[in-house]
Amino acid sequence: MTDIKFGVSTDIGLVRDINEDSKLAEPPLFAVADGMGGHMAGDVASKMVIETLSKGVLGDSDALAGAVREANMAVYDAATADPALKGMGTTLTALYAGDSSVQIVHVGDSRGYMFRDGELTQITQDHTVVGRLVAQGRIDHEEAKSHPQRSMLERALGVDPDVEIDVQALDAKPGDRFLLCSDGLTGLVEDEQILEILDSEADPQRASNLLCEAAVRAGGHDNVTAVIVDYAGPRKRAVRPAHPAASPRRRKGKRAIAAVIVLLLLVLGGLWLRATVNSSWFVGEDGGRVAIFKGLPGSFIGIDLSSIEKRTDLETSSLPDVYRERVKDGMTADGPEEAEAIVRNLRQFAGKLTPDPAATPGVTPTVTPAP
């Protein structure tokens with residue numbers, strides 16, 4: 001038989017009183033079942049299914065689907081006979097590891113993944129309302145994460161005497177890694193982080209431990225189980241960008257740092273702008289008259305950057321065109337004294353059609369006292 005290594009880990013989480021997940025790791029058969037129902041009933045259902053599989057398959061992949069149907073009837077009969085177990089059921093994702101192929105049998109929203117050549121692929125479909133909507137293309141995976149019916153099962157073992165099961169066969173080659181897990185993992189840990197763990201940790205037992213630990217750190221609001229099956233051989237690592245994808249916690253930390261930096265830049269920019277405004281002066285127009293302003297001409301995001309310090313009786317219409325336009329644009333000054341000097345010089349040109357020949361357009365006008 002092909003050399004197969006495996007790792008199994010499960011955790012009750014931080015909220016539940018009991019662990020209703022059950023697992024099986026008896027090569028070549030591996031499985032994860034996530035029970036549901038009243039108090040203790042989910043635990044009973046998942047254990048019944050795992051026990052039935054371990055006894056019914058006996059190293060024969062062709063018997064796997066039959067054993068699942070037998071397990072379904074066993075759970076259904078028990079729930080019907082005992083009022084305390086009424087309504088119990090369980091999901092199941094099982095894998096039979098052959099020499100060069102695997103058989104997958106699946107019911108519910110536990111999942112099976114294949115990690116091959118550096119890529120992670122979900123090989124099962126969630127039998128939930130949301131899983132069906134995604135398969136139909138009516139919503140995308142991002143919308144599915146927050147959909148109110150994301151945990152509503154459409155199929156489970158033990159609910160009805162007959163159940164539709166998904167059966168598929170996949171080629172297996174050296175270096176392949178398969179993951180079976182309950183939704184206590186996938187409901188809290190993104191596929192990107194699952195990929196990172198499967199890619200970075202070669203030992204299947206340590207990798208399964210890390211997956212469960214990640215789910216508990218992310219909130220642990222459900223039981224979590226992870227079973228990893230490795231086909232021995234060289235494994236191609238995932239191709240990573242220059243900056244590897246961070247975990248949700250690290251991404252939040254980076255976003256917080258970026259927000260602080262942006263806020264700091266805004267504060268510093270505001271202080272610089274305020275200092276600049278307080279130290280700047282110009283001569284401009286207010287209501288058709290020349291005025292002295294403190295600040296900068298114009299506005300920023302709709303906010304005026306100046307205030308009127310002094311209004312004059314000098315009408316801009318009395319100025320030559322060249323100076324009238326410059327006043328409208330704002331004639332900057334190094335301080336209030338220079339602003340007053342500009343106004344005095346402008347008065348010398350009031351009423352003239354052209355500027356003084358000694359004054360060059362574009363230069364602050366000056367007045368030369370008579371000898």
# chains A, B, ... in the order shown; residues from 1 in each chain; ligands from 1

call {"tool": "select_by_dssp", "arguments": {"residues": "region 96-305 of chain A", "states": "alpha helix (DSSP H)", "output": "count of residues only"}}
result
71

call {"tool": "residues_around", "arguments": {"residues": "region 283-289 of chain A", "least_positions_apart": "3", "cutoff": "7 Å", "atoms": "only C-alpha atoms", "output": "CSV table (one decimal) with N, CA and C atoms, in the first residue's frame"}}
result
chain,number,residue,atom,x,y,z
A,292,ILE,N,-6.9,94.0,2.7
A,292,ILE,CA,-5.8,93.3,3.1
A,292,ILE,C,-6.2,92.1,3.9
A,293,PHE,N,-5.7,90.9,3.5
A,293,PHE,CA,-6.1,89.7,4.1
A,293,PHE,C,-4.9,89.0,4.8
A,312,THR,N,-10.4,98.7,2.5
A,312,THR,CA,-10.1,100.0,2.0
A,312,THR,C,-11.2,100.5,1.2
A,313,ASP,N,-11.2,101.8,0.9
A,313,ASP,CA,-12.2,102.4,0.0
A,313,ASP,C,-11.7,102.5,-1.5
A,314,LEU,N,-10.6,101.8,-1.7
A,314,LEU,CA,-10.0,101.8,-3.1
A,314,LEU,C,-10.8,100.8,-3.9
A,315,GLU,N,-11.5,101.2,-5.0
A,315,GLU,CA,-12.3,100.3,-5.8
A,315,GLU,C,-11.3,99.7,-6.9
A,316,THR,N,-11.5,98.4,-7.0
A,316,THR,CA,-10.7,97.7,-8.0
A,316,THR,C,-10.9,98.1,-9.4
A,327,VAL,N,-4.9,91.8,-8.3
A,327,VAL,CA,-5.6,92.0,-7.0
A,327,VAL,C,-6.6,90.8,-6.8
A,328,LYS,N,-7.3,90.6,-7.9
A,328,LYS,CA,-8.3,89.5,-7.8
A,328,LYS,C,-7.7,88.1,-7.5
A,329,ASP,N,-6.5,87.9,-8.1
A,329,ASP,CA,-5.8,86.7,-7.8
A,329,ASP,C,-5.1,86.6,-6.4
A,330,GLY,N,-4.9,87.9,-5.9
A,330,GLY,CA,-4.2,88.0,-4.6
A,330,GLY,C,-2.7,88.3,-4.7
A,331,MET,N,-2.3,89.4,-4.3
A,331,MET,CA,-0.9,89.9,-4.3
A,331,MET,C,-0.3,89.6,-3.0
A,332,THR,N,0.6,88.6,-2.9
A,332,THR,CA,1.2,88.2,-1.7
A,332,THR,C,2.1,89.2,-1.1
A,339,ALA,N,2.0,94.7,3.0
A,339,ALA,CA,0.6,94.8,2.4
A,339,ALA,C,0.1,96.2,2.3

call {"tool": "residues_around", "arguments": {"residues": "Ser151 (chain A)", "least_positions_apart": "2", "cutoff": "8 Å", "atoms": "only C-alpha atoms", "output": "short mmCIF file (atom, residue, chain, number, x, y, z; two decimals) with all heavy atoms, in the first residue's frame"}}
result
data_model
loop_
_atom_site.label_atom_id
_atom_site.label_comp_id
_atom_site.auth_asym_id
_atom_site.auth_seq_id
_atom_site.Cartn_x
_atom_site.Cartn_y
_atom_site.Cartn_z
N THR A 128 -25.80 23.24 2.07
CA THR A 128 -26.54 24.26 2.80
C THR A 128 -27.29 25.13 1.79
O THR A 128 -27.04 25.06 0.58
CB THR A 128 -25.59 25.17 3.60
OG1 THR A 128 -24.66 25.79 2.69
CG2 THR A 128 -24.80 24.35 4.62
N VAL A 129 -28.19 25.94 2.31
CA VAL A 129 -28.91 26.87 1.43
C VAL A 129 -27.92 27.77 0.71
O VAL A 129 -28.00 27.98 -0.51
CB VAL A 129 -29.90 27.72 2.26
CG1 VAL A 129 -30.51 28.82 1.39
CG2 VAL A 129 -31.00 26.84 2.85
N VAL A 130 -26.95 28.28 1.45
CA VAL A 130 -25.97 29.18 0.86
C VAL A 130 -25.06 28.44 -0.11
O VAL A 130 -24.71 28.97 -1.17
CB VAL A 130 -25.14 29.86 1.97
CG1 VAL A 130 -23.93 30.57 1.39
CG2 VAL A 130 -26.01 30.85 2.73
N PRO A 148 -27.35 35.18 6.16
CA PRO A 148 -28.03 34.70 7.38
C PRO A 148 -28.35 33.21 7.37
O PRO A 148 -28.56 32.62 8.42
CB PRO A 148 -29.30 35.55 7.43
CG PRO A 148 -29.51 36.04 6.03
CD PRO A 148 -28.14 36.21 5.45
N GLN A 149 -28.38 32.56 6.20
CA GLN A 149 -28.70 31.14 6.11
C GLN A 149 -27.47 30.29 5.80
O GLN A 149 -27.59 29.16 5.32
CB GLN A 149 -29.77 30.90 5.03
CG GLN A 149 -31.11 31.54 5.36
CD GLN A 149 -32.14 31.33 4.25
OE1 GLN A 149 -31.87 31.56 3.08
NE2 GLN A 149 -33.31 30.85 4.63
N LEU A 153 -28.58 23.63 6.98
CA LEU A 153 -28.30 22.42 6.20
C LEU A 153 -29.49 22.03 5.34
O LEU A 153 -30.65 22.13 5.76
CB LEU A 153 -27.96 21.27 7.14
CG LEU A 153 -26.59 21.30 7.83
CD1 LEU A 153 -26.50 20.21 8.88
CD2 LEU A 153 -25.48 21.14 6.80
#

call {"tool": "closest_atom_pairs", "arguments": {"of": "region 94-140 of chain A", "to": "region 34-50 of chain A", "cutoff": "10 Å", "atoms": "only C-alpha atoms", "output": "JSON lines"}}
result
{"residue": "A:Ala94", "atom": "CA", "partner": "A:Ile50", "partner_atom": "CA", "distance": 9.4}
{"residue": "A:Gly108", "atom": "CA", "partner": "A:Asp34", "partner_atom": "CA", "distance": 8.8}
{"residue": "A:Asp109", "atom": "CA", "partner": "A:Asp34", "partner_atom": "CA", "distance": 8.6}
{"residue": "A:Ser110", "atom": "CA", "partner": "A:Asp34", "partner_atom": "CA", "distance": 7.0}

call {"tool": "closest_atom_pairs", "arguments": {"of": "region 14-91 of chain A", "to": "region 156-161 of chain A", "cutoff": "7 Å", "atoms": "only C-alpha atoms", "output": "CSV"}}
result
residue,atom,partner,partner_atom,distance
A:Asn72,CA,A:Gly158,CA,4.7
A:Met73,CA,A:Pro161,CA,5.7
A:Val75,CA,A:Gly158,CA,4.6
A:Tyr76,CA,A:Gly158,CA,4.2
A:Gly87,CA,A:Val159,CA,6.6
A:Met88,CA,A:Gly158,CA,6.8
A:Gly89,CA,A:Gly158,CA,4.7
A:Thr90,CA,A:Leu157,CA,5.2
A:Thr91,CA,A:Ala156,CA,5.3

call {"tool": "select_by_dssp", "arguments": {"residues": "region 40-257 of chain A", "states": "strand (DSSP E)", "output": "JSON, numbers by chain"}}
result
{"A": [89, 90, 92, 93, 94, 95, 96, 97, 101, 102, 103, 104, 105, 106, 107, 111, 112, 113, 114, 115, 116, 119, 120, 121, 122, 166, 167, 168, 169, 170, 171, 177, 178, 179, 180, 181, 224, 225, 226, 227, 228, 229, 230, 231]}

call {"tool": "atom_distance", "arguments": {"atom1": "CA of Thr124 (chain A)", "atom2": "CA of Asp77 (chain A)"}}
result
27.1 Å

call {"tool": "closest_residue", "arguments": {"among": "A:Leu180, A:Ala71, A:Val343, A:Val216", "to": "Asp11 (chain A)", "atoms": "only C-alpha atoms"}}
result
A:Val216

call {"tool": "closest_residue", "arguments": {"among": "A:Ala65, A:Ile194, A:Ala232, A:Leu210", "to": "Ser9 (chain A)", "atoms": "only C-alpha atoms"}}
result
A:Leu210
